[in-house]
file upload.txt (compact mmCIF, C-alpha atoms and all ligand atoms)
# COMPACT_ATOMS: atom_id res chain seq x y z
CA MET A 1 -30.53 15.17 -25.90
CA TYR A 2 -32.27 14.03 -29.11
CA ASN A 3 -30.57 14.02 -32.46
CA GLY A 4 -33.33 13.53 -35.00
CA VAL A 5 -33.35 13.14 -38.78
CA THR A 6 -33.83 16.54 -40.44
CA VAL A 7 -36.01 16.87 -43.53
CA THR A 8 -32.88 17.70 -45.60
CA GLN A 9 -31.12 14.52 -44.49
CA PHE A 10 -34.28 12.53 -45.16
CA ILE A 11 -34.67 13.89 -48.69
CA ILE A 12 -31.00 13.44 -49.58
CA GLU A 13 -31.08 9.83 -48.39
CA GLU A 14 -34.29 9.21 -50.33
CA GLN A 15 -32.83 10.76 -53.51
CA ARG A 16 -29.63 8.70 -53.22
CA ARG A 17 -31.68 5.60 -53.94
CA LEU A 18 -32.68 7.00 -57.34
CA PRO A 19 -30.22 6.45 -60.19
CA GLY A 20 -29.25 9.70 -61.93
CA ALA A 21 -30.50 12.06 -59.20
CA THR A 22 -28.55 15.32 -59.48
CA GLY A 23 -29.41 16.99 -56.19
CA ASP A 24 -31.57 19.51 -58.00
CA PHE A 25 -34.77 18.20 -56.48
CA THR A 26 -33.29 18.17 -52.97
CA SER A 27 -32.30 21.82 -53.36
CA LEU A 28 -35.74 22.73 -54.64
CA LEU A 29 -37.38 21.09 -51.64
CA ASN A 30 -34.99 22.92 -49.35
CA ASP A 31 -36.16 26.24 -50.80
CA ILE A 32 -39.80 25.25 -50.30
CA VAL A 33 -38.99 24.27 -46.72
CA THR A 34 -37.38 27.66 -46.14
CA ALA A 35 -40.51 29.40 -47.45
CA CYS A 36 -42.68 27.36 -45.07
CA LYS A 37 -40.48 28.37 -42.12
CA VAL A 38 -40.78 32.05 -43.05
CA ILE A 39 -44.58 31.79 -43.42
CA SER A 40 -44.79 29.88 -40.14
CA ASN A 41 -42.93 32.71 -38.43
CA GLY A 42 -45.31 35.33 -39.89
CA VAL A 43 -48.44 33.36 -39.00
CA ASN A 44 -47.08 32.75 -35.51
CA LYS A 45 -46.29 36.42 -34.80
CA GLY A 46 -49.65 37.54 -36.25
CA ALA A 47 -50.89 40.83 -34.81
CA LEU A 48 -47.44 41.59 -33.32
CA ILE A 49 -46.13 42.30 -36.81
CA GLY A 50 -49.38 43.58 -38.34
CA VAL A 51 -50.02 40.72 -40.77
CA LEU A 52 -53.61 39.88 -39.79
CA GLY A 53 -56.70 41.26 -41.50
CA THR A 54 -57.91 41.73 -45.02
CA ALA A 55 -56.05 43.32 -47.92
CA GLU A 56 -57.81 45.61 -50.36
CA SER A 57 -57.60 43.20 -53.27
CA GLU A 58 -59.22 40.13 -54.80
CA ASN A 59 -57.53 37.11 -56.35
CA VAL A 60 -58.39 35.59 -59.73
CA GLN A 61 -61.17 33.55 -58.12
CA GLY A 62 -62.86 36.77 -56.99
CA GLU A 63 -62.07 36.05 -53.33
CA THR A 64 -61.00 38.85 -51.02
CA GLN A 65 -57.36 38.34 -50.11
CA LYS A 66 -56.00 38.40 -46.58
CA LYS A 67 -52.79 40.34 -45.98
CA MET A 68 -51.11 37.07 -45.12
CA ASP A 69 -52.28 35.47 -48.44
CA ILE A 70 -50.26 38.09 -50.29
CA ILE A 71 -47.26 37.88 -47.98
CA ALA A 72 -47.16 34.06 -48.13
CA ASN A 73 -47.42 34.17 -51.93
CA ASP A 74 -44.45 36.57 -52.14
CA VAL A 75 -42.44 34.43 -49.74
CA VAL A 76 -42.90 31.27 -51.82
CA ILE A 77 -42.03 33.10 -55.03
CA LYS A 78 -38.95 34.85 -53.60
CA SER A 79 -37.65 31.66 -51.99
CA ASN A 80 -38.00 29.65 -55.18
CA GLU A 81 -37.33 31.89 -58.18
CA TRP A 82 -33.56 32.38 -57.87
CA ALA A 83 -31.99 28.95 -57.56
CA GLY A 84 -32.36 27.56 -61.08
CA HIS A 85 -34.52 24.52 -60.25
CA LEU A 86 -37.81 25.83 -61.63
CA ALA A 87 -39.04 26.73 -65.09
CA ALA A 88 -42.19 28.49 -63.79
CA MET A 89 -44.69 28.59 -60.91
CA ALA A 90 -48.47 28.77 -60.54
CA SER A 91 -50.25 30.01 -57.43
CA GLU A 92 -53.80 30.35 -56.17
CA GLU A 93 -53.04 34.05 -55.71
CA GLU A 94 -51.65 34.69 -59.22
CA ASP A 95 -54.01 35.08 -62.19
CA ASP A 96 -51.50 33.74 -64.66
CA ILE A 97 -48.46 31.49 -64.34
CA TYR A 98 -45.33 33.08 -62.89
CA PRO A 99 -42.36 32.67 -65.28
CA ILE A 100 -38.89 32.66 -63.75
CA PRO A 101 -37.44 36.16 -64.31
CA ALA A 102 -34.84 36.35 -67.08
CA ARG A 103 -32.06 37.30 -64.62
CA TYR A 104 -32.19 33.82 -63.06
CA PRO A 105 -31.30 30.41 -64.51
CA LYS A 106 -34.20 28.10 -65.34
CA GLY A 107 -34.66 24.50 -64.25
CA LYS A 108 -36.65 21.40 -65.05
CA TYR A 109 -39.48 21.57 -62.51
CA LEU A 110 -42.82 23.38 -62.23
CA LEU A 111 -44.09 24.41 -58.79
CA LEU A 112 -47.80 24.87 -58.05
CA PHE A 113 -48.98 26.11 -54.67
CA ASP A 114 -51.66 27.53 -52.45
CA PRO A 115 -49.56 29.80 -50.24
CA LEU A 116 -52.05 30.06 -47.37
CA ASP A 117 -54.90 27.62 -47.51
CA GLY A 118 -57.82 28.16 -45.14
CA SER A 119 -56.85 31.81 -44.76
CA SER A 120 -60.39 32.75 -43.66
CA ASN A 121 -59.18 31.23 -40.37
CA ILE A 122 -56.10 33.39 -39.92
CA ASP A 123 -57.78 36.21 -38.00
CA VAL A 124 -59.40 33.80 -35.53
CA ASN A 125 -56.15 31.98 -34.78
CA ILE A 126 -57.17 28.62 -36.24
CA SER A 127 -54.76 26.42 -38.21
CA VAL A 128 -53.88 27.36 -41.79
CA GLY A 129 -51.40 25.79 -44.18
CA THR A 130 -49.37 25.87 -47.40
CA ILE A 131 -50.03 23.22 -50.07
CA PHE A 132 -47.63 22.46 -52.93
CA SER A 133 -47.26 20.17 -55.92
CA ILE A 134 -44.18 19.62 -58.11
CA LEU A 135 -44.37 18.58 -61.77
CA ARG A 136 -41.68 18.09 -64.39
CA CYS A 137 -41.49 20.73 -67.08
CA PRO A 138 -42.06 18.90 -70.41
CA ASP A 139 -38.80 17.96 -72.18
CA GLY A 140 -37.35 20.69 -74.37
CA VAL A 141 -39.63 23.43 -72.97
CA THR A 142 -37.70 26.42 -71.66
CA GLU A 143 -40.49 29.01 -71.69
CA PRO A 144 -43.42 27.09 -70.23
CA THR A 145 -46.98 28.23 -70.88
CA LYS A 146 -50.17 27.43 -68.95
CA GLU A 147 -50.65 24.30 -71.08
CA ASP A 148 -47.37 22.82 -69.80
CA PHE A 149 -48.87 22.83 -66.29
CA LEU A 150 -52.03 20.97 -67.29
CA GLN A 151 -50.75 17.49 -66.40
CA PRO A 152 -52.82 14.95 -64.46
CA GLY A 153 -52.05 14.49 -60.76
CA THR A 154 -50.51 11.08 -61.47
CA GLU A 155 -47.55 13.01 -62.98
CA GLN A 156 -46.70 14.77 -59.71
CA VAL A 157 -43.09 14.23 -58.61
CA CYS A 158 -43.80 15.42 -55.10
CA ALA A 159 -46.67 16.78 -53.05
CA GLY A 160 -46.71 18.26 -49.60
CA TYR A 161 -48.17 20.64 -47.10
CA ALA A 162 -47.07 22.70 -44.13
CA LEU A 163 -49.60 22.99 -41.30
CA TYR A 164 -49.31 26.06 -39.08
CA GLY A 165 -51.09 24.85 -35.96
CA PRO A 166 -50.04 24.39 -32.32
CA SER A 167 -46.87 22.94 -33.91
CA THR A 168 -45.68 23.66 -37.43
CA LEU A 169 -45.60 20.42 -39.41
CA LEU A 170 -44.40 19.47 -42.86
CA VAL A 171 -45.88 16.41 -44.55
CA LEU A 172 -44.35 15.14 -47.79
CA THR A 173 -44.54 12.43 -50.39
CA THR A 174 -42.30 11.76 -53.35
CA GLY A 175 -44.31 8.70 -54.33
CA ASN A 176 -42.74 6.42 -51.74
CA GLY A 177 -45.06 6.75 -48.75
CA VAL A 178 -45.82 9.78 -46.60
CA ASN A 179 -43.63 11.24 -43.89
CA GLY A 180 -44.23 14.02 -41.38
CA PHE A 181 -41.76 16.44 -39.78
CA THR A 182 -42.19 18.87 -36.87
CA LEU A 183 -40.47 22.26 -36.84
CA ASP A 184 -38.12 22.64 -33.89
CA ARG A 185 -38.05 26.43 -33.64
CA ASP A 186 -34.98 26.44 -31.39
CA ILE A 187 -32.76 24.91 -34.06
CA GLY A 188 -34.82 26.01 -37.11
CA GLU A 189 -35.12 22.52 -38.56
CA PHE A 190 -37.98 20.20 -39.46
CA ILE A 191 -37.34 16.88 -37.68
CA LEU A 192 -38.85 13.54 -38.76
CA THR A 193 -41.55 12.81 -36.18
CA ASN A 194 -44.21 10.91 -38.15
CA PRO A 195 -42.58 8.31 -40.41
CA ASN A 196 -44.77 6.25 -42.79
CA MET A 197 -48.09 7.93 -42.09
CA THR A 198 -51.13 5.81 -42.97
CA VAL A 199 -54.85 6.48 -43.21
CA PRO A 200 -56.94 3.78 -41.50
CA ALA A 201 -59.26 2.11 -44.05
CA ASP A 202 -62.37 2.53 -41.89
CA THR A 203 -63.59 5.56 -40.03
CA ARG A 204 -66.53 6.87 -38.07
CA GLU A 205 -65.72 10.55 -38.60
CA PHE A 206 -66.78 12.76 -41.50
CA ALA A 207 -66.05 16.37 -42.45
CA ILE A 208 -68.31 18.46 -44.66
CA ASN A 209 -69.76 21.98 -44.54
CA THR A 210 -73.39 21.10 -43.82
CA SER A 211 -74.54 24.68 -44.43
CA ASN A 212 -74.43 23.66 -48.11
CA GLN A 213 -76.59 20.56 -47.56
CA ARG A 214 -79.57 21.75 -49.64
CA PHE A 215 -77.26 22.18 -52.66
CA TRP A 216 -75.67 18.69 -52.56
CA GLU A 217 -76.37 15.89 -55.00
CA GLU A 218 -78.34 12.80 -53.95
CA PRO A 219 -75.36 10.45 -53.29
CA VAL A 220 -73.77 12.86 -50.80
CA GLN A 221 -77.17 13.57 -49.17
CA ARG A 222 -77.61 9.83 -48.72
CA TYR A 223 -74.14 9.27 -47.25
CA VAL A 224 -74.44 12.10 -44.74
CA ASP A 225 -78.03 11.14 -43.81
CA GLU A 226 -76.81 7.64 -43.02
CA CYS A 227 -73.97 8.99 -40.87
CA LEU A 228 -76.35 11.28 -38.99
CA ALA A 229 -78.85 8.47 -38.40
CA GLY A 230 -76.18 6.73 -36.30
CA LYS A 231 -76.94 3.39 -34.63
CA GLU A 232 -80.61 3.51 -35.65
CA GLY A 233 -79.78 4.03 -39.36
CA ALA A 234 -78.50 1.92 -42.25
CA ARG A 235 -74.91 2.01 -40.98
CA GLY A 236 -75.81 0.82 -37.49
CA GLU A 237 -73.04 2.93 -35.93
CA GLU A 238 -72.55 6.33 -34.37
CA PHE A 239 -70.55 8.88 -36.41
CA ASN A 240 -68.70 12.02 -35.35
CA MET A 241 -68.39 15.22 -37.40
CA ARG A 242 -65.67 17.88 -37.76
CA TRP A 243 -65.31 20.97 -39.99
CA VAL A 244 -62.26 23.19 -39.52
CA ALA A 245 -62.62 25.02 -42.87
CA SER A 246 -58.88 24.52 -43.36
CA MET A 247 -58.29 21.64 -45.74
CA VAL A 248 -54.73 21.20 -44.51
CA ALA A 249 -55.95 20.67 -40.95
CA GLU A 250 -58.68 18.27 -42.11
CA VAL A 251 -56.27 16.20 -44.22
CA HIS A 252 -53.80 16.12 -41.36
CA ARG A 253 -56.48 14.84 -38.99
CA ILE A 254 -57.35 12.14 -41.53
CA LEU A 255 -53.68 11.13 -41.81
CA THR A 256 -53.54 10.94 -38.03
CA ARG A 257 -56.75 9.10 -37.11
CA GLY A 258 -58.70 8.45 -40.32
CA GLY A 259 -61.86 10.10 -41.59
CA ILE A 260 -63.52 11.30 -44.75
CA PHE A 261 -63.40 14.88 -46.07
CA MET A 262 -65.89 16.12 -48.65
CA TYR A 263 -66.26 19.35 -50.55
CA PRO A 264 -68.63 17.86 -53.12
CA LYS A 265 -70.23 19.16 -56.27
CA ASP A 266 -73.21 21.34 -55.43
CA THR A 267 -75.73 23.57 -57.17
CA LYS A 268 -74.91 26.70 -55.17
CA ASP A 269 -73.12 28.27 -58.12
CA PRO A 270 -73.71 26.17 -61.26
CA SER A 271 -70.68 27.76 -62.97
CA LYS A 272 -68.36 26.04 -60.44
CA ALA A 273 -67.78 22.28 -60.39
CA GLY A 274 -66.79 22.44 -56.72
CA LYS A 275 -64.99 24.84 -54.41
CA LEU A 276 -61.48 23.45 -54.22
CA ARG A 277 -58.90 23.86 -56.91
CA LEU A 278 -57.54 20.82 -58.75
CA MET A 279 -53.95 21.77 -59.45
CA TYR A 280 -52.71 23.10 -56.10
CA GLU A 281 -55.25 21.74 -53.59
CA ALA A 282 -56.99 18.56 -54.75
CA ASN A 283 -54.12 16.92 -56.66
CA PRO A 284 -51.39 17.30 -54.02
CA MET A 285 -53.76 16.28 -51.20
CA SER A 286 -54.94 13.30 -53.28
CA MET A 287 -51.36 12.13 -53.84
CA ILE A 288 -50.62 12.37 -50.12
CA VAL A 289 -53.82 10.57 -49.11
CA GLU A 290 -53.37 7.82 -51.72
CA GLN A 291 -49.70 7.37 -50.77
CA ALA A 292 -50.88 6.88 -47.18
CA GLY A 293 -53.30 4.14 -48.27
CA GLY A 294 -56.43 6.30 -48.55
CA ALA A 295 -58.53 7.17 -51.60
CA SER A 296 -59.57 10.34 -53.42
CA SER A 297 -62.34 10.90 -55.93
CA THR A 298 -64.73 13.48 -57.32
CA GLY A 299 -67.44 10.88 -56.69
CA ARG A 300 -67.31 9.97 -60.37
CA GLU A 301 -63.58 9.64 -61.12
CA ARG A 302 -60.20 9.41 -59.47
CA ILE A 303 -59.03 13.01 -59.00
CA MET A 304 -55.42 12.29 -59.96
CA GLU A 305 -56.46 10.90 -63.36
CA MET A 306 -58.38 14.01 -64.42
CA LYS A 307 -56.99 15.84 -67.43
CA PRO A 308 -56.89 19.47 -66.26
CA ASN A 309 -58.24 22.25 -68.46
CA ASP A 310 -57.13 25.28 -66.44
CA ILE A 311 -54.61 26.04 -63.68
CA HIS A 312 -57.44 27.40 -61.49
CA GLN A 313 -59.95 24.65 -62.34
CA ARG A 314 -62.28 23.63 -59.50
CA VAL A 315 -63.25 20.04 -58.67
CA PRO A 316 -65.48 18.18 -56.23
CA VAL A 317 -63.29 16.49 -53.58
CA ILE A 318 -64.07 13.35 -51.58
CA LEU A 319 -60.99 11.91 -49.87
CA GLY A 320 -59.78 9.95 -46.87
CA SER A 321 -60.35 6.48 -45.48
CA LYS A 322 -60.59 4.06 -48.37
CA ASN A 323 -63.72 2.13 -47.50
CA GLU A 324 -65.74 5.27 -46.84
CA VAL A 325 -64.60 7.02 -50.04
CA GLU A 326 -65.46 3.85 -52.00
CA ARG A 327 -68.90 3.84 -50.38
CA VAL A 328 -69.60 7.41 -51.49
CA VAL A 329 -68.34 6.57 -55.01
CA SER A 330 -70.65 3.53 -55.09
CA TYR A 331 -73.61 5.76 -54.14
CA HIS A 332 -72.76 7.91 -57.18
CA LYS A 333 -72.95 4.78 -59.36
CA ASP A 334 -76.30 3.65 -57.92
P1 LIG B 401 -58.92 29.05 -49.62
O1 LIG B 401 -57.85 28.41 -50.47
O2 LIG B 401 -59.45 30.31 -50.23
O3 LIG B 401 -58.51 29.21 -48.19
O4 LIG B 401 -60.19 28.06 -49.66
C1 LIG B 401 -60.02 26.69 -49.41
C2 LIG B 401 -60.60 26.33 -48.08
C3 LIG B 401 -60.26 24.93 -47.63
O5 LIG B 401 -59.11 24.91 -46.85
C4 LIG B 401 -61.48 24.53 -46.84
O6 LIG B 401 -61.68 23.15 -46.86
C5 LIG B 401 -62.60 25.27 -47.52
O7 LIG B 401 -62.01 26.35 -48.20
C6 LIG B 401 -63.62 25.79 -46.56
O8 LIG B 401 -64.68 26.34 -47.26
P2 LIG B 401 -66.01 26.89 -46.54
O9 LIG B 401 -65.66 28.20 -45.95
O10 LIG B 401 -66.99 26.97 -47.66
O11 LIG B 401 -66.43 25.88 -45.50
MG MG B 402 -56.80 27.14 -50.79

call {"tool": "encode", "arguments": {"input": "upload.txt", "output": "structure tokens", "more": "lines below"}}
Ligand code: AHM
Ligand code: MG
result
Amino acid sequence: MYNGVTVTQFIIEEQRRLPGATGDFTSLLNDIVTACKVISNGVNKGALIGVLGTAESENVQGETQKKMDIIANDVVIKSNEWAGHLAAMASEEEDDIYPIPARYPKGKYLLLFDPLDGSSNIDVNISVGTIFSILRCPDGVTEPTKEDFLQPGTEQVCAGYALYGPSTLLVLTTGNGVNGFTLDRDIGEFILTNPNMTVPADTREFAINTSNQRFWEEPVQRYVDECLAGKEGARGEEFNMRWVASMVAEVHRILTRGGIFMYPKDTKDPSKAGKLRLMYEANPMSMIVEQAGGASSTGRERIMEMKPNDIHQRVPVILGSKNEVERVVSYHKD
């Protein structure tokens, strides 16, 4: 019989090393973990409980919502609003920030999340995930506004994702490396299965939606052309390609065996700087990838150093194995 380290034990032991830790953060993470278990259960049961398919609504980004987008959003909010650890939340599925209702105590953290990333995949039974980022509420602020959320990614206290795939996984960083946990459904606990995850510096695997190729900028065109040219091209090596259309699954693959993921700037819709959202997709994934020894950039700047201007701001994303990301960045400089 195994007796593994649960995510709660892991977090408590990690927090004990920090002077002045009150246990607040551990409790907050526990509530997030509970939300991920509930979402995992819904995603897993799927058609049996009628949660697949499209809802009759759009989110603030003008995207049609899936039923499970709305359910997952409610689950994260309900699991996290009551305990007194948060001052407010922001979600991909909420137009504005979500203040903690007056009937509950308020806390010192801000939670940002994408409740169900890659949800276009839900109806075809391909992996989806939840992404989250935790910031500190600025000192003295008890009624946070949007502006209080607009902190660069370097200020994140914690970033993580849950991946609802063949197994349900939770991957976390609090700025001290990256650790992965697998949900054991029989006992209802996430157990440490992937300690100290690292992204190999080199890779021969890239991920990009090539249907957008004609809209990309020159540096990305050049990088992908060189990958596709294989042994006969400038790189002198064969490359492999993947595109799941679920960022959580792509980042998890990169944490497992290396690779580069790109959703770059394109000219498809000039009003958008990219597809992915800075505050609850790009920043948390960048923190995880950097903490695992990888790199993350827009092509022109480090994502985590960007000064955000909106909670739903979009950014170009190029992340993964360090040497490949640096190569794409160098092509932007050329
Ligand atoms: P979502 O948050 O609406 O699900 O969109 C984000 C997802 C990412 O997980 C994925 O990398 C990307 O959108 C896929 O986009 P596309 O369908 O253009 O390939
Ligand atoms: Mg998303």

call {"tool": "closest_residue", "arguments": {"input": "upload.txt", "among": "A:Thr130, A:Thr54, A:Gln61, A:Asn30", "to": "Ala83 in chain A", "atoms": "only C-alpha atoms"}}
result
A:Asn30

call {"tool": "residues_near_ligand", "arguments": {"input": "upload.txt", "ligand": "ligand LIG 401 (chain B)", "cutoff": "9 Å", "atoms": "all atoms listed in the file", "output": "PyMOL selection string"}}
result
chain A and resi 61+63-65+69+92+114-121+128-129+208-212+243-250+261-263+275-277+281

call {"tool": "residues_near_point", "arguments": {"input": "upload.txt", "point": "(-46.5, 12.7, -41.1)", "cutoff": "10 Å", "atoms": "only C-alpha atoms", "output": "compact mmCIF listing (two decimals) with C-alpha atoms, in the frame of the given file"}}
result
# COMPACT_ATOMS: atom_id res chain seq x y z
CA LEU A 169 -45.60 20.42 -39.41
CA LEU A 170 -44.40 19.47 -42.86
CA VAL A 171 -45.88 16.41 -44.55
CA LEU A 172 -44.35 15.14 -47.79
CA THR A 173 -44.54 12.43 -50.39
CA GLY A 177 -45.06 6.75 -48.75
CA VAL A 178 -45.82 9.78 -46.60
CA ASN A 179 -43.63 11.24 -43.89
CA GLY A 180 -44.23 14.02 -41.38
CA PHE A 181 -41.76 16.44 -39.78
CA THR A 182 -42.19 18.87 -36.87
CA LEU A 192 -38.85 13.54 -38.76
CA THR A 193 -41.55 12.81 -36.18
CA ASN A 194 -44.21 10.91 -38.15
CA PRO A 195 -42.58 8.31 -40.41
CA ASN A 196 -44.77 6.25 -42.79
CA MET A 197 -48.09 7.93 -42.09
CA THR A 198 -51.13 5.81 -42.97
CA HIS A 252 -53.80 16.12 -41.36
CA LEU A 255 -53.68 11.13 -41.81
CA THR A 256 -53.54 10.94 -38.03
CA ILE A 288 -50.62 12.37 -50.12
CA ALA A 292 -50.88 6.88 -47.18

call {"tool": "residues_around", "arguments": {"input": "upload.txt", "residues": "Val33 in chain A", "least_positions_apart": "6", "cutoff": "9 Å", "atoms": "all atoms listed in the file", "output": "list in words"}}
result
Val7, Ala162, Leu170 and Phe190 of chain A

call {"tool": "residues_around", "arguments": {"input": "upload.txt", "residues": "Val220 in chain A", "least_positions_apart": "4", "cutoff": "9 Å", "atoms": "only C-alpha atoms", "output": "compact mmCIF listing (two decimals) with C-alpha atoms, in the frame of the given file"}}
result
# COMPACT_ATOMS: atom_id res chain seq x y z
CA GLN A 213 -76.59 20.56 -47.56
CA TRP A 216 -75.67 18.69 -52.56
CA VAL A 224 -74.44 12.10 -44.74
CA ASP A 225 -78.03 11.14 -43.81
CA MET A 262 -65.89 16.12 -48.65
CA PRO A 264 -68.63 17.86 -53.12
CA GLY A 299 -67.44 10.88 -56.69
CA VAL A 328 -69.60 7.41 -51.49
CA TYR A 331 -73.61 5.76 -54.14
CA HIS A 332 -72.76 7.91 -57.18

call {"tool": "closest_residue", "arguments": {"input": "upload.txt", "among": "A:Glu56, A:Glu238, A:Glu301, A:Asp334", "to": "Ile318 in chain A", "atoms": "only C-alpha atoms"}}
result
A:Glu301

call {"tool": "closest_residue", "arguments": {"input": "upload.txt", "among": "A:Met279, A:Ala88, A:Cys158, A:Ala35", "to": "Met306 in chain A", "atoms": "only C-alpha atoms"}}
result
A:Met279
